[in-house]
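Chemist: One file: model_1.txt (compact mmCIF, C-alpha atoms).
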# COMPACT_ATOMS: atom_id res chain seq x y z
CA SER A 1 -174.05 -61.46 55.59
CA GLY A 2 -172.01 -63.46 53.11
CA SER A 3 -168.57 -64.79 53.97
CA ARG A 4 -165.64 -63.62 51.90
CA PRO A 5 -164.51 -66.06 49.23
CA ARG A 6 -161.36 -67.85 50.36
CA LYS A 7 -158.25 -66.74 48.48
CA LYS A 8 -157.10 -69.46 46.09
CA LYS A 9 -153.89 -71.14 47.22
CA LYS A 10 -151.01 -70.43 44.85
CA MET A 11 -149.01 -73.17 43.23
CA ARG A 12 -145.71 -73.95 44.99
CA ALA A 13 -143.08 -76.08 43.26
CA ALA A 14 -139.94 -77.63 44.70
CA TRP A 15 -136.88 -78.08 42.50
CA LEU A 16 -134.54 -81.07 42.30
CA SER A 17 -131.59 -81.48 39.95
CA ASP A 18 -128.56 -83.73 39.46
CA ILE A 19 -129.69 -86.06 42.22
CA HIS A 20 -127.62 -88.95 40.75
CA LEU A 21 -129.56 -91.69 42.50
CA THR A 22 -127.07 -94.35 41.31
CA ASP A 23 -124.69 -92.87 43.92
CA VAL A 24 -127.24 -93.29 46.74
CA SER A 25 -128.45 -96.40 48.60
CA GLU A 26 -132.13 -97.31 48.19
CA ASP A 27 -132.78 -96.53 51.86
CA ARG A 28 -131.43 -93.01 51.35
CA VAL A 29 -133.40 -92.61 48.11
CA LEU A 30 -136.58 -93.47 50.02
CA ALA A 31 -135.65 -91.06 52.84
CA PHE A 32 -135.07 -88.32 50.25
CA CYS A 33 -138.45 -89.06 48.63
CA GLU A 34 -140.11 -88.72 52.03
CA LYS A 35 -138.39 -85.36 52.57
CA VAL A 36 -139.70 -84.13 49.20
CA ARG A 37 -143.19 -85.53 49.88
CA GLU A 38 -143.35 -83.64 53.20
CA HIS A 39 -141.87 -80.46 51.73
CA GLU A 40 -144.27 -77.53 51.44
CA CYS A 41 -144.95 -77.85 47.72
CA ASP A 42 -147.64 -79.31 45.51
CA SER A 43 -145.44 -80.19 42.53
CA VAL A 44 -141.79 -80.91 41.72
CA PHE A 45 -139.44 -79.73 38.96
CA LEU A 46 -136.60 -82.17 38.20
CA THR A 47 -133.92 -80.99 35.75
CA GLY A 48 -132.00 -84.13 34.85
CA ASP A 49 -129.15 -86.43 35.90
CA ILE A 50 -131.66 -88.50 37.81
CA SER A 51 -129.92 -91.83 37.32
CA GLU A 52 -128.22 -93.87 34.56
CA SER A 53 -130.12 -95.68 31.82
CA PRO A 54 -129.99 -99.29 33.17
CA VAL A 55 -131.82 -98.21 36.37
CA LEU A 56 -133.52 -95.00 35.19
CA LEU A 57 -136.98 -96.56 34.99
CA GLN A 58 -136.56 -98.18 38.41
CA HIS A 59 -135.66 -94.80 39.91
CA LEU A 60 -138.54 -92.99 38.17
CA LYS A 61 -140.92 -95.61 39.59
CA LEU A 62 -139.46 -95.05 43.09
CA LEU A 63 -139.90 -91.27 42.78
CA ASP A 64 -143.42 -91.67 41.42
CA ALA A 65 -144.54 -94.07 44.17
CA ASN A 66 -142.92 -92.28 47.09
CA ILE A 67 -143.12 -88.54 46.37
CA GLN A 68 -146.76 -88.72 45.25
CA LYS A 69 -146.86 -85.24 43.74
CA PRO A 70 -146.69 -84.23 40.06
CA ILE A 71 -143.03 -84.46 38.95
CA TYR A 72 -142.23 -82.47 35.81
CA PHE A 73 -138.86 -83.80 34.63
CA VAL A 74 -136.26 -83.71 31.90
CA LEU A 75 -133.28 -86.02 31.50
CA GLY A 76 -129.58 -85.20 31.76
CA ASN A 77 -126.51 -86.65 30.08
CA HIS A 78 -125.99 -89.30 32.81
CA ASP A 79 -129.50 -90.62 32.21
CA PHE A 80 -128.45 -91.71 28.69
CA TRP A 81 -125.23 -93.49 29.76
CA TYR A 82 -125.03 -97.12 28.51
CA SER A 83 -127.87 -96.41 26.05
CA SER A 84 -128.64 -93.86 23.33
CA VAL A 85 -130.95 -90.91 22.77
CA PRO A 86 -132.99 -92.74 20.09
CA HIS A 87 -133.45 -95.80 22.32
CA ILE A 88 -134.54 -93.79 25.38
CA TYR A 89 -136.82 -91.60 23.25
CA SER A 90 -138.50 -94.61 21.69
CA THR A 91 -138.96 -96.67 24.88
CA LEU A 92 -139.38 -94.32 27.87
CA PRO A 93 -142.80 -92.80 27.01
CA GLN A 94 -144.45 -96.23 26.99
CA ALA A 95 -142.47 -97.42 30.03
CA ILE A 96 -143.73 -94.54 32.22
CA SER A 97 -147.25 -94.34 30.77
CA GLY A 98 -148.71 -96.32 33.66
CA LEU A 99 -147.16 -94.14 36.37
CA ASN A 100 -149.26 -91.60 38.22
CA PHE A 101 -147.10 -88.54 38.79
CA VAL A 102 -144.07 -88.33 36.47
CA ARG A 103 -144.35 -86.13 33.38
CA TRP A 104 -141.46 -86.18 30.89
CA MET A 105 -141.56 -82.65 29.47
CA THR A 106 -139.46 -83.58 26.42
CA ASN A 107 -142.48 -85.53 25.22
CA LEU A 108 -145.14 -82.93 26.11
CA GLY A 109 -146.40 -79.46 25.28
CA PRO A 110 -147.06 -76.71 27.86
CA LEU A 111 -148.69 -77.97 31.07
CA ARG A 112 -150.72 -75.59 33.20
CA LEU A 113 -149.51 -75.19 36.78
CA ASP A 114 -151.74 -72.33 37.94
CA ASP A 115 -153.70 -69.38 36.55
CA GLY A 116 -151.42 -67.85 33.92
CA VAL A 117 -148.51 -70.18 34.75
CA CYS A 118 -147.19 -73.16 32.79
CA VAL A 119 -144.15 -75.40 32.47
CA VAL A 120 -142.36 -76.52 29.30
CA GLY A 121 -139.14 -78.48 29.01
CA HIS A 122 -136.63 -80.51 27.07
CA ASP A 123 -133.54 -82.47 28.12
CA GLY A 124 -131.22 -80.33 25.98
CA TRP A 125 -127.53 -81.01 25.33
CA TYR A 126 -124.29 -79.06 25.14
CA ASP A 127 -123.68 -77.69 21.64
CA CYS A 128 -119.91 -76.96 21.72
CA ARG A 129 -120.56 -73.38 20.51
CA ALA A 130 -119.57 -71.65 23.78
CA GLY A 131 -115.95 -71.32 24.86
CA ASP A 132 -112.97 -72.65 22.92
CA VAL A 133 -113.79 -76.18 21.80
CA ARG A 134 -110.73 -76.47 19.51
CA ASN A 135 -108.26 -75.95 22.36
CA SER A 136 -110.17 -77.74 25.09
CA ARG A 137 -108.61 -80.93 26.42
CA PHE A 138 -111.66 -81.76 28.53
CA ILE A 139 -113.19 -85.22 28.02
CA MET A 140 -116.82 -85.94 28.85
CA PRO A 141 -117.52 -89.45 30.26
CA GLU A 142 -120.44 -90.09 27.89
CA TRP A 143 -118.11 -90.09 24.89
CA SER A 144 -117.10 -93.60 25.97
CA LYS A 145 -120.30 -94.58 27.85
CA GLN A 146 -123.06 -93.54 25.43
CA GLN A 147 -123.91 -95.24 22.16
CA ASP A 148 -124.59 -91.91 20.41
CA TYR A 149 -120.84 -91.18 20.49
CA GLN A 150 -119.67 -94.59 19.24
CA GLY A 151 -117.15 -94.26 16.44
CA SER A 152 -116.23 -90.66 17.34
CA ARG A 153 -112.54 -90.27 16.55
CA THR A 154 -112.08 -86.52 16.22
CA ILE A 155 -113.31 -83.35 17.86
CA ASP A 156 -115.37 -82.74 14.71
CA ASP A 157 -117.20 -86.03 15.36
CA ILE A 158 -117.90 -84.93 18.96
CA ILE A 159 -119.15 -81.51 17.82
CA GLU A 160 -121.39 -82.98 15.13
CA LYS A 161 -123.00 -85.55 17.43
CA SER A 162 -123.41 -83.08 20.31
CA GLN A 163 -125.02 -80.45 18.08
CA ALA A 164 -127.41 -83.03 16.61
CA MET A 165 -128.64 -83.77 20.17
CA SER A 166 -128.75 -80.07 21.10
CA ASN A 167 -130.81 -79.36 17.97
CA LEU A 168 -133.54 -81.67 19.30
CA SER A 169 -134.14 -79.12 22.07
CA ILE A 170 -134.41 -76.29 19.54
CA THR A 171 -136.95 -78.21 17.45
CA HIS A 172 -139.00 -78.93 20.57
CA PHE A 173 -138.99 -75.40 21.99
CA LYS A 174 -139.83 -73.89 18.58
CA LYS A 175 -142.89 -76.14 18.64
CA VAL A 176 -144.08 -75.60 22.24
CA LEU A 177 -143.08 -72.01 23.12
CA PRO A 178 -145.55 -70.24 20.79
CA ASP A 179 -148.44 -72.08 22.45
CA ALA A 180 -147.07 -71.34 25.93
CA ILE A 181 -146.60 -67.64 25.09
CA ALA A 182 -150.11 -67.38 23.63
CA ARG A 183 -151.83 -68.93 26.65
CA PHE A 184 -149.72 -68.07 29.72
CA ASP A 185 -148.02 -65.07 31.34
CA LYS A 186 -145.31 -66.95 33.26
CA ILE A 187 -143.42 -69.82 31.65
CA TYR A 188 -141.12 -72.18 33.53
CA VAL A 189 -138.54 -73.69 31.18
CA LEU A 190 -136.89 -76.92 32.38
CA THR A 191 -133.69 -78.13 30.73
CA HIS A 192 -130.51 -79.85 31.84
CA VAL A 193 -127.65 -77.88 30.28
CA PRO A 194 -127.36 -74.16 31.18
CA PRO A 195 -128.24 -72.06 28.11
CA PHE A 196 -125.85 -69.10 28.65
CA GLU A 197 -122.10 -68.82 29.26
CA GLU A 198 -122.75 -66.50 32.20
CA THR A 199 -124.82 -69.22 33.90
CA HIS A 200 -122.04 -71.85 33.83
CA TYR A 201 -120.39 -71.89 37.24
CA HIS A 202 -118.50 -74.60 39.10
CA GLY A 203 -116.98 -74.34 42.56
CA GLY A 204 -118.18 -70.75 42.85
CA VAL A 205 -116.32 -69.49 39.77
CA GLN A 206 -117.48 -68.98 36.20
CA GLY A 207 -116.56 -71.77 33.80
CA THR A 208 -113.52 -71.22 31.58
CA PRO A 209 -113.53 -71.43 27.76
CA HIS A 210 -112.04 -74.93 28.04
CA TYR A 211 -115.10 -76.24 29.92
CA GLN A 212 -117.87 -74.12 28.41
CA PRO A 213 -118.23 -76.10 25.15
CA TYR A 214 -119.61 -79.01 27.21
CA PHE A 215 -121.57 -77.08 29.85
CA VAL A 216 -123.59 -74.61 27.77
CA ASN A 217 -126.39 -75.08 25.21
CA LYS A 218 -125.70 -71.77 23.51
CA ILE A 219 -128.19 -72.11 20.66
CA LEU A 220 -130.99 -72.62 23.19
CA GLY A 221 -129.92 -69.46 25.01
CA GLU A 222 -130.21 -67.54 21.75
CA LEU A 223 -133.72 -68.92 21.16
CA LEU A 224 -134.85 -68.02 24.70
CA ARG A 225 -133.33 -64.54 24.54
CA THR A 226 -135.17 -63.90 21.25
CA ALA A 227 -138.49 -65.17 22.65
CA ALA A 228 -138.18 -63.01 25.77
CA SER A 229 -137.18 -59.95 23.73
CA LEU A 230 -140.19 -60.34 21.45
CA HIS A 231 -142.61 -60.82 24.37
CA PRO A 232 -141.54 -58.37 27.11
CA ARG A 233 -144.81 -58.81 29.05
CA LYS A 234 -144.23 -62.54 29.44
CA GLN A 235 -142.01 -63.86 32.21
CA PHE A 236 -139.55 -66.68 31.47
CA VAL A 237 -137.92 -68.61 34.32
CA VAL A 238 -135.31 -71.15 33.20
CA LEU A 239 -134.16 -73.97 35.51
CA ALA A 240 -131.09 -76.01 34.58
CA GLY A 241 -128.46 -78.26 36.15
CA HIS A 242 -125.43 -80.17 34.78
CA SER A 243 -122.59 -77.98 36.05
CA HIS A 244 -123.39 -78.47 39.79
CA GLY A 245 -122.60 -74.78 40.33
CA ARG A 246 -125.50 -72.87 41.88
CA VAL A 247 -126.08 -69.48 40.29
CA SER A 248 -128.97 -67.17 39.37
CA LYS A 249 -128.71 -64.61 36.60
CA THR A 250 -131.08 -62.05 35.12
CA ILE A 251 -130.45 -62.17 31.37
CA LEU A 252 -133.27 -59.75 30.48
CA PRO A 253 -135.84 -58.05 32.74
CA ASN A 254 -138.27 -60.89 31.90
CA LEU A 255 -135.74 -63.74 31.54
CA THR A 256 -134.09 -65.25 34.61
CA VAL A 257 -131.97 -68.40 34.76
CA HIS A 258 -131.31 -70.53 37.85
CA VAL A 259 -128.73 -73.33 37.77
CA ALA A 260 -128.79 -75.94 40.53
CA GLY A 261 -126.02 -76.71 42.96
CA ALA A 262 -125.35 -80.41 43.49
CA GLN A 263 -123.02 -82.96 45.06
CA HIS A 264 -122.80 -86.62 44.09
CA GLY A 265 -124.25 -88.85 46.81
CA ALA A 266 -126.16 -86.01 48.51
CA PRO A 267 -129.45 -85.28 46.71
CA GLU A 268 -131.11 -82.10 47.94
CA ILE A 269 -134.09 -79.84 47.44
CA GLN A 270 -132.78 -76.65 45.82
CA PRO A 271 -133.18 -73.57 48.08
CA PHE A 272 -135.75 -71.82 45.91
CA VAL A 273 -139.52 -71.49 46.13
CA PHE A 274 -141.35 -71.21 42.81
CA THR A 275 -144.89 -69.86 42.66
Translate this structure into structure tokens?
Modeler:
Amino acid sequence: SGSRPRKKKKMRAAWLSDIHLTDVSEDRVLAFCEKVREHECDSVFLTGDISESPVLLQHLKLLDANIQKPIYFVLGNHDFWYSSVPHIYSTLPQAISGLNFVRWMTNLGPLRLDDGVCVVGHDGWYDCRAGDVRNSRFIMPEWSKQQDYQGSRTIDDIIEKSQAMSNLSITHFKKVLPDAIARFDKIYVLTHVPPFEETHYHGGVQGTPHYQPYFVNKILGELLRTAASLHPRKQFVVLAGHSHGRVSKTILPNLTVHVAGAQHGAPEIQPFVFT
């Protein structure tokens, strides 16, 4: 009598976002890494605002050495502070090439997680198309902290520079999504900035038109909605951060978006299980 074949264990991923390790002592960073390492998961999604550029590599090395599970990550706006998008894009791939577990999705195509399941990702950026950018008085810290915004004197300068960074995510997803759709049934999409107005929440309430220009990547939402509409048998699960307001929304029957909750100084594992 033959024994039954053992059922293959399904992939389980934990999700981290907006962990802002610059606000946390190294002892607490290490304790958090241990918590993630012992968590019942075999891989980790990390959707940006990990650190700030002067210590980003140091923090990625800490996560790599102490979590010891594949970490599929994208960067957030804080990760570029005191540097620039071109500088990070040109130096980070080489800097992390010797690490064992971190995978910067902005630099990669679809990665298989399980039978029929993959992950894609890009840092993304707010594109100032949502809400009422002309009447907003909100000021983002990176306008004075990030080299990409140097010389910006008007709201038109801010819009132009923000949309140029947002467009990088569109170029990337146009390149990687067709491959993911052709080869996989379920696609996890990692990005930092929520891609729909209805997924921008803060403090339990939906963001107002004065905040939305800087907390939504609207053009990415349009791209994802189109992809999901054209491929109704494929499942798209979008994970984002940035606004610190936890919310889950079903945009289409096959397109769901989860945005992480977060507090500075208190990194946490998001209360979701992804399989």
Chemist: So, counting only C-alpha atoms, which residue among A:Ser169, A:Ser243, A:Gln146, A:Ser25 is closest to Tyr214 in chain A?
Modeler: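 Nearest to Tyr214 in chain A: A:Ser243.
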Chemist: Would you mind listing what lies within 7 Å of Leu21 in chain A as a PyMOL selection string, with only C-alpha atoms counted and same-chain residues fewer than 4 positions away left out?
Modeler: chain A and resi 29+50-51
Chemist: Quote the spacing between CA of Lys69 in chain A and CA of Glu34 in chain A in Å to one decimal place.
Modeler: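 Going from CA of Lys69 in chain A over to CA of Glu34 in chain A covers 11.2 Å.
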Chemist: Neighbours of Gly221 in chain A within 12 Å (all atoms listed in the file; same-chain residues fewer than 5 positions away dropped), as a PyMOL selection string?
Modeler: chain A and resi 124-127+129-130+166+169-170+173+189+191+193-199+216+226-228+236+238+240+251-252+255-257
Chemist: Give the answer as one residue: which of A:Tyr188, A:Phe138, A:Asn66, A:Arg225 has the shortest atom-to-atom distance to Ala13 in chain A, using only C-alpha atoms?
Modeler: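 With only C-alpha atoms as the atom set, the closest residue is A:Tyr188.
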Chemist: Using all atoms listed in the file, which of A:Trp81, A:Phe32, A:Tyr89, A:Tyr211 sits nearest Leu62 in chain A?
Modeler: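 Among A:Trp81, A:Phe32, A:Tyr89, A:Tyr211, it is A:Phe32 that comes nearest to Leu62 in chain A.
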Chemist: List the spatial neighbours of Ser162 in chain A as number ranges by chain - criterion: any atom at most 10 Å away, only C-alpha atoms, same-chain residues fewer than 2 positions off excluded.
Modeler: A: 125-128, 143, 148-149, 156-160, 164-167, 213-214, 217
Chemist: Could you write those residues out with C-alpha atoms, as a PDB file, in the coordinates of the input?
Modeler:
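Output (result_3.pdb):
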ATOM      1  CA  TRP A 125    -127.530 -81.010  25.330  1.00  0.00           C
ATOM      2  CA  TYR A 126    -124.290 -79.060  25.140  1.00  0.00           C
ATOM      3  CA  ASP A 127    -123.680 -77.690  21.640  1.00  0.00           C
ATOM      4  CA  CYS A 128    -119.910 -76.960  21.720  1.00  0.00           C
ATOM      5  CA  TRP A 143    -118.110 -90.090  24.890  1.00  0.00           C
ATOM      6  CA  ASP A 148    -124.590 -91.910  20.410  1.00  0.00           C
ATOM      7  CA  TYR A 149    -120.840 -91.180  20.490  1.00  0.00           C
ATOM      8  CA  ASP A 156    -115.370 -82.740  14.710  1.00  0.00           C
ATOM      9  CA  ASP A 157    -117.200 -86.030  15.360  1.00  0.00           C
ATOM     10  CA  ILE A 158    -117.900 -84.930  18.960  1.00  0.00           C
ATOM     11  CA  ILE A 159    -119.150 -81.510  17.820  1.00  0.00           C
ATOM     12  CA  GLU A 160    -121.390 -82.980  15.130  1.00  0.00           C
ATOM     13  CA  ALA A 164    -127.410 -83.030  16.610  1.00  0.00           C
ATOM     14  CA  MET A 165    -128.640 -83.770  20.170  1.00  0.00           C
ATOM     15  CA  SER A 166    -128.750 -80.070  21.100  1.00  0.00           C
ATOM     16  CA  ASN A 167    -130.810 -79.360  17.970  1.00  0.00           C
ATOM     17  CA  PRO A 213    -118.230 -76.100  25.150  1.00  0.00           C
ATOM     18  CA  TYR A 214    -119.610 -79.010  27.210  1.00  0.00           C
ATOM     19  CA  ASN A 217    -126.390 -75.080  25.210  1.00  0.00           C
TER      20      ASN A 217
END
Chemist: Point out the residue among A:Thr106, A:His122, A:Cys41, A:Lys161 with the least atom-to-atom distance to Ser84 in chain A, counting only C-alpha atoms.
Modeler: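 Of A:Thr106, A:His122, A:Cys41, A:Lys161, the one nearest Ser84 in chain A, counting only C-alpha atoms, is A:Lys161.
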Chemist: Please list as a list in words every residue within 10 Å of Asp185 in chain A, counting all atoms listed in the file and excluding residues in the same chain fewer than 4 positions away.
Modeler: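 In the requested form, the answer reads Asp115, Gly116, Val117, Cys118, Ala180, Ile181, His231, Arg233, Lys234, Gln235 and Phe236 of chain A.
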Chemist: Could you tell me how far CA of Val24 in chain A lies from CA of Ala266 in chain A, in Å and to one decimal?
Modeler: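 The value is 7.6 Å.
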Chemist: With all atoms listed in the file as the atoms that count, which of A:Asn254, A:Ser97, A:Gln263, A:Ser136 lies nearest to Leu230 in chain A?
Modeler: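 Looking only at the distances to Leu230 in chain A, the closest residue turns out to be A:Asn254.
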Chemist: Between A:Leu75, A:Leu108, A:Val273, A:Val247, which has the minimum distance to Ala260 in chain A (counting only C-alpha atoms)?
Modeler: A:Val247
Chemist: List every protein, DNA or RNA residue that has at least one atom no more than 9 Å from (-137.3, -85.2, 32.7) in the file's coordinates, counting only C-alpha atoms, and write the result as an MDAnalysis selection string.
Modeler: chainID A and resid 45:50 71:76 102:106 121:123 190:192
